[in-house]
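Asker: Pasting a structure here, questions to come.
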Amino acid sequence: MKATVTIKKNSEFRRIYNKGANAATSLLVLYARKGRPGQTGRLGITVGTKVGKAVVRNTVRRRLREIYRLNRHRLRPGYDVIIVARVRSRTVGYGDLERDFLRLADRLGLLVKDEKDTDISGQGVS
RNA sequence: CGAGUCGGCCGGACAGCCGCGGGCACAGGCCGAAAGGCCGUGCAUGAGGAAAGUCCGGGCUCCGCAGGGCAAGGAUAACGGGUAACGCCCGCCGAAGGCGACUUCAGGAAAAGUGCAACAGAGAUAUACCGCCGGCUCCGGCCGGUAAGGGUGGAAAGGCGGAGGUAAGAGCCCGCCCGACGGCGUGAGAGCGUCCGUCGCUGUAAACUCUAUCCGGAGCAACACCGUGGGAAAGCUGCGUUCGAUCGCGAGGCCUGCCCGGCCGCUUUCAGGAGGUGGCUUGAGCGUACCGGCAACGGUGCGCCUAGAUAGAUGGCUGUUCAAGACAGGACCCGGCUUACAGACCGACUCGCAUC
RNA sequence: GGAGAAGUCGCGUAGCCCGGUCGAGCGCGCACGAUUGGAAAUCGUGUAUACCCCAUAAGGGUAUCGAGGGUUCGAAUCCCUCCUUCUCCG
């Protein structure tokens, strides 16, 4: 497995905010946009100051990165993804964040479907 | 055993799988003419006592001045020492608190000067409201003396006592106490004193001020270097054309290795600054032994190298164990202070009770 | 990361420099009354919270100007330490 490639430049962040598809829950906001062809999908994480102090922000960021790493094989390749942590994300654990991430990824059509549940509606696992 | 005071030290540990940052190694793979880049594998390594607040003091960089002084503004404040320096630390003095160990103190000057002290009170830095005493009286009071008593206030002219004194009183006088200043003694000094003499003065300087000492400004998003696209100015030209760099062609460059086709004047300087590199970690460094010092700390020897990121590295899952893990994450670097904090351990000391 | 600024009644602000008159002025808002057939506008009066005293009402006391200390006889105001919010530097 290749290492996670991160989005670094502020200009790239702004382009994806403006042009990418997005979805949100009370914990997270997810932006996604098709990357350059032939390149692997990249990850960007935004945790604003309002979420908490440095320790809290680091914890949230680490959890989000781990969620992306462990669920990457289920995502459609070649998409740049930005996860924005909202204020309430400081109050919940790893499991809640992972559940919300998968729900949002599904809503944006990023999940690769297994052969079992290839459902046409395209909406909603839950 | 109980209650307490002060100081020091640590702040989860171990194991498995997956994962991250920078470093080193590789006759590993891919790209490249090369330098090198990306990936892979292996090895060791990778947040704090406060990394925090940004409250002080420095280093470092640029700007200013390049000699010194004064003014303005700011900071500090017993004394002696420590330190690169400090508003920090140690020791000591004084005051306040505590039975005590010990703790706290912006702790210079109010007799250089200015200001302020509301309300209350007769009176607030100068005073006579009630009272007391004497005198006068038209018997209503008036004049004079008086700070002992009442009352107001945070503060009322040193305090307590006196069958001393007086018309009544008052440091007017006497004894004791308190404070200030001078002498003498003592101490390195601030100070201290069963000593002598003189005096009795409201508080406030975190009001202005005075005295002594110190301070140029900004900050690593500083600063240095490389530099895309686009911009401005100056200079320059082989031929034709034009008032004229106005237009065209050529030369040269690019797409592109060649042809066709297409595009572009060239050079220098300036501003700007997408992005990148350095600054960036060996330092007033850490550990240890001995010596000096009451201590803070200093000296000598030996040993060690311990994050350097830039959307910013420590996480996820699981097991064992215990007291069940608090506050909290480097961002140029040090010395302090302040604030937050579950707990664990060590040492010194004080008071009370019991026993020997 | 660095450099600043500000917190006063429901909202916006004055007072702070140079302490006493200050629970604290003004505007908006809100409540009640007057005016009107009714409303708007206008005019007038009132208007913070908590705790305690009081049988209730009326009235009184104490505390609160972001929080906690300090100086002072006395603090919204002076000094210190925190907290919160906002702005600027790419």
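Residue numbers start at 1 in each chain; chains themselves are named A, B, ... in the order of the structure tokens; ligands are numbered from 1 in the order shown.
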How would you write, as JSON, numbers by chain, the set of residues in range 4-107 of chain A that DSSP gives as alpha helix (DSSP H)?
Answerer: {"A": [10, 11, 12, 13, 14, 15, 16, 17, 18, 19, 54, 55, 56, 57, 58, 59, 60, 61, 62, 63, 64, 65, 66, 67, 68, 69, 70, 71, 94, 95, 96, 97, 98, 99, 100, 101, 102, 103, 104, 105, 106, 107]}
Asker: Let's have the selection written as a compact mmCIF listing (two decimals), in the first residue's frame, with N, CA and C atoms.
Answerer:
# COMPACT_ATOMS: atom_id res chain seq x y z
N ASN A 10 -2.43 25.99 0.18
CA ASN A 10 -3.67 26.66 0.50
C ASN A 10 -4.51 26.89 -0.75
N SER A 11 -3.85 27.15 -1.88
CA SER A 11 -4.60 27.41 -3.12
C SER A 11 -5.37 26.16 -3.54
N GLU A 12 -4.77 24.98 -3.32
CA GLU A 12 -5.47 23.75 -3.67
C GLU A 12 -6.67 23.54 -2.76
N PHE A 13 -6.47 23.85 -1.49
CA PHE A 13 -7.61 23.74 -0.57
C PHE A 13 -8.77 24.60 -1.04
N ARG A 14 -8.45 25.83 -1.44
CA ARG A 14 -9.53 26.74 -1.83
C ARG A 14 -10.22 26.29 -3.10
N ARG A 15 -9.45 25.70 -4.03
CA ARG A 15 -10.08 25.24 -5.26
C ARG A 15 -11.08 24.13 -4.96
N ILE A 16 -10.68 23.21 -4.08
CA ILE A 16 -11.57 22.10 -3.78
C ILE A 16 -12.80 22.57 -3.00
N TYR A 17 -12.60 23.54 -2.09
CA TYR A 17 -13.76 24.10 -1.39
C TYR A 17 -14.75 24.67 -2.39
N ASN A 18 -14.24 25.38 -3.40
CA ASN A 18 -15.12 26.08 -4.32
C ASN A 18 -15.76 25.15 -5.34
N LYS A 19 -14.95 24.23 -5.88
CA LYS A 19 -15.43 23.46 -7.03
C LYS A 19 -15.86 22.05 -6.67
N ALA A 54 -4.40 22.89 21.19
CA ALA A 54 -3.51 22.15 20.31
C ALA A 54 -3.64 20.64 20.52
N VAL A 55 -3.75 20.23 21.78
CA VAL A 55 -3.83 18.79 22.05
C VAL A 55 -5.10 18.21 21.45
N VAL A 56 -6.21 18.90 21.62
CA VAL A 56 -7.49 18.42 21.08
C VAL A 56 -7.44 18.38 19.56
N ARG A 57 -6.92 19.43 18.95
CA ARG A 57 -6.85 19.46 17.49
C ARG A 57 -5.98 18.34 16.96
N ASN A 58 -4.85 18.09 17.61
CA ASN A 58 -3.98 17.00 17.17
C ASN A 58 -4.68 15.66 17.25
N THR A 59 -5.39 15.44 18.35
CA THR A 59 -6.09 14.16 18.53
C THR A 59 -7.11 13.94 17.42
N VAL A 60 -7.90 14.96 17.14
CA VAL A 60 -8.92 14.83 16.09
C VAL A 60 -8.26 14.57 14.74
N ARG A 61 -7.20 15.29 14.45
CA ARG A 61 -6.53 15.12 13.17
C ARG A 61 -5.96 13.72 13.03
N ARG A 62 -5.36 13.20 14.09
CA ARG A 62 -4.80 11.85 14.03
C ARG A 62 -5.88 10.81 13.80
N ARG A 63 -6.97 10.98 14.46
CA ARG A 63 -8.07 10.03 14.26
C ARG A 63 -8.56 10.07 12.81
N LEU A 64 -8.72 11.28 12.25
CA LEU A 64 -9.22 11.39 10.89
C LEU A 64 -8.24 10.78 9.89
N ARG A 65 -6.97 11.00 10.15
CA ARG A 65 -5.99 10.43 9.23
C ARG A 65 -6.00 8.91 9.29
N GLU A 66 -6.15 8.38 10.48
CA GLU A 66 -6.20 6.93 10.63
C GLU A 66 -7.45 6.36 9.95
N ILE A 67 -8.56 7.06 10.08
CA ILE A 67 -9.79 6.61 9.43
C ILE A 67 -9.59 6.56 7.93
N TYR A 68 -8.97 7.58 7.37
CA TYR A 68 -8.73 7.60 5.93
C TYR A 68 -7.81 6.44 5.54
N ARG A 69 -6.76 6.22 6.33
CA ARG A 69 -5.79 5.18 5.99
C ARG A 69 -6.44 3.80 5.99
N LEU A 70 -7.26 3.53 6.99
CA LEU A 70 -7.81 2.20 7.14
C LEU A 70 -8.97 1.94 6.19
N ASN A 71 -9.63 3.00 5.70
CA ASN A 71 -10.78 2.82 4.83
C ASN A 71 -10.49 3.15 3.38
N TYR A 94 -13.45 7.62 18.34
CA TYR A 94 -13.02 7.18 17.02
C TYR A 94 -14.18 6.57 16.23
N GLY A 95 -14.97 5.74 16.90
CA GLY A 95 -16.04 5.01 16.21
C GLY A 95 -17.06 5.94 15.59
N ASP A 96 -17.47 6.96 16.29
CA ASP A 96 -18.45 7.90 15.76
C ASP A 96 -17.91 8.64 14.55
N LEU A 97 -16.61 9.03 14.63
CA LEU A 97 -16.02 9.76 13.51
C LEU A 97 -15.97 8.87 12.27
N GLU A 98 -15.60 7.58 12.46
CA GLU A 98 -15.50 6.67 11.34
C GLU A 98 -16.87 6.45 10.69
N ARG A 99 -17.90 6.28 11.52
CA ARG A 99 -19.25 6.06 10.99
C ARG A 99 -19.71 7.26 10.17
N ASP A 100 -19.45 8.47 10.67
CA ASP A 100 -19.86 9.66 9.94
C ASP A 100 -19.08 9.82 8.65
N PHE A 101 -17.80 9.48 8.69
CA PHE A 101 -16.98 9.60 7.48
C PHE A 101 -17.51 8.68 6.39
N LEU A 102 -17.81 7.43 6.74
CA LEU A 102 -18.28 6.48 5.74
C LEU A 102 -19.64 6.90 5.19
N ARG A 103 -20.49 7.43 6.06
CA ARG A 103 -21.81 7.87 5.62
C ARG A 103 -21.68 9.00 4.61
N LEU A 104 -20.77 9.95 4.88
CA LEU A 104 -20.57 11.08 3.97
C LEU A 104 -19.93 10.63 2.67
N ALA A 105 -18.97 9.70 2.77
CA ALA A 105 -18.31 9.22 1.56
C ALA A 105 -19.32 8.52 0.66
N ASP A 106 -20.22 7.77 1.27
CA ASP A 106 -21.25 7.10 0.49
C ASP A 106 -22.18 8.10 -0.17
N ARG A 107 -22.50 9.15 0.57
CA ARG A 107 -23.43 10.14 0.03
C ARG A 107 -22.83 10.84 -1.19
Asker: Set the distance at 12 Å and use only C-alpha atoms (C1' of nucleotides): which residues neighbour C43 in chain C once local chain neighbours fewer than 3 positions away are removed? I'd like the list as a short mmCIF file (atom, residue, chain, number, x, y, z; two decimals) with N, CA and C atoms (P, O5', C5', C4', C3', O3' and C1' of nucleotides), in the first residue's frame.
Answerer:
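out_20.cif, written as the output of this step:
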data_model
loop_
_atom_site.label_atom_id
_atom_site.label_comp_id
_atom_site.auth_asym_id
_atom_site.auth_seq_id
_atom_site.Cartn_x
_atom_site.Cartn_y
_atom_site.Cartn_z
P G C 33 -52.33 51.65 31.05
"O5'" G C 33 -52.16 53.23 31.22
"C5'" G C 33 -52.57 53.83 32.44
"C4'" G C 33 -52.13 55.28 32.50
"C3'" G C 33 -52.70 56.21 31.43
"O3'" G C 33 -54.03 56.61 31.71
"C1'" G C 33 -50.39 56.62 31.67
P A C 34 -55.02 56.99 30.48
"O5'" A C 34 -54.41 58.36 29.94
"C5'" A C 34 -54.50 59.53 30.73
"C4'" A C 34 -53.78 60.69 30.07
"C3'" A C 34 -54.30 61.09 28.69
"O3'" A C 34 -55.46 61.90 28.77
"C1'" A C 34 -51.94 60.98 28.66
P U C 35 -56.71 61.64 27.74
"O5'" U C 35 -56.09 62.02 26.33
"C5'" U C 35 -55.69 63.37 26.07
"C4'" U C 35 -54.92 63.45 24.77
"C3'" U C 35 -55.66 62.87 23.57
"O3'" U C 35 -56.59 63.79 23.01
"C1'" U C 35 -53.41 62.10 23.60
#
Asker: Hey, what's within 10 Å of C82 in chain C if we count only C-alpha atoms (C1' of nucleotides) and toss same-chain stuff fewer than 3 positions away? As a list of chain:residue names, please?
Answerer: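 What passes the distance filter is B:G53, B:U338, B:U339, C:A67, C:G68.
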Asker: Convert the current residue selection to file output with C-alpha atoms (C1' of nucleotides), as an mmCIF file, in the first residue's frame.
Answerer:
data_model
loop_
_atom_site.group_PDB
_atom_site.id
_atom_site.type_symbol
_atom_site.label_atom_id
_atom_site.label_comp_id
_atom_site.auth_asym_id
_atom_site.auth_seq_id
_atom_site.Cartn_x
_atom_site.Cartn_y
_atom_site.Cartn_z
ATOM 1 C "C1'" G B 53 0.386 32.928 29.131
ATOM 2 C "C1'" U B 338 3.173 33.567 36.418
ATOM 3 C "C1'" U B 339 -0.855 30.336 35.568
ATOM 4 C "C1'" A C 67 -12.920 37.266 37.300
ATOM 5 C "C1'" G C 68 -9.561 37.197 41.546
#
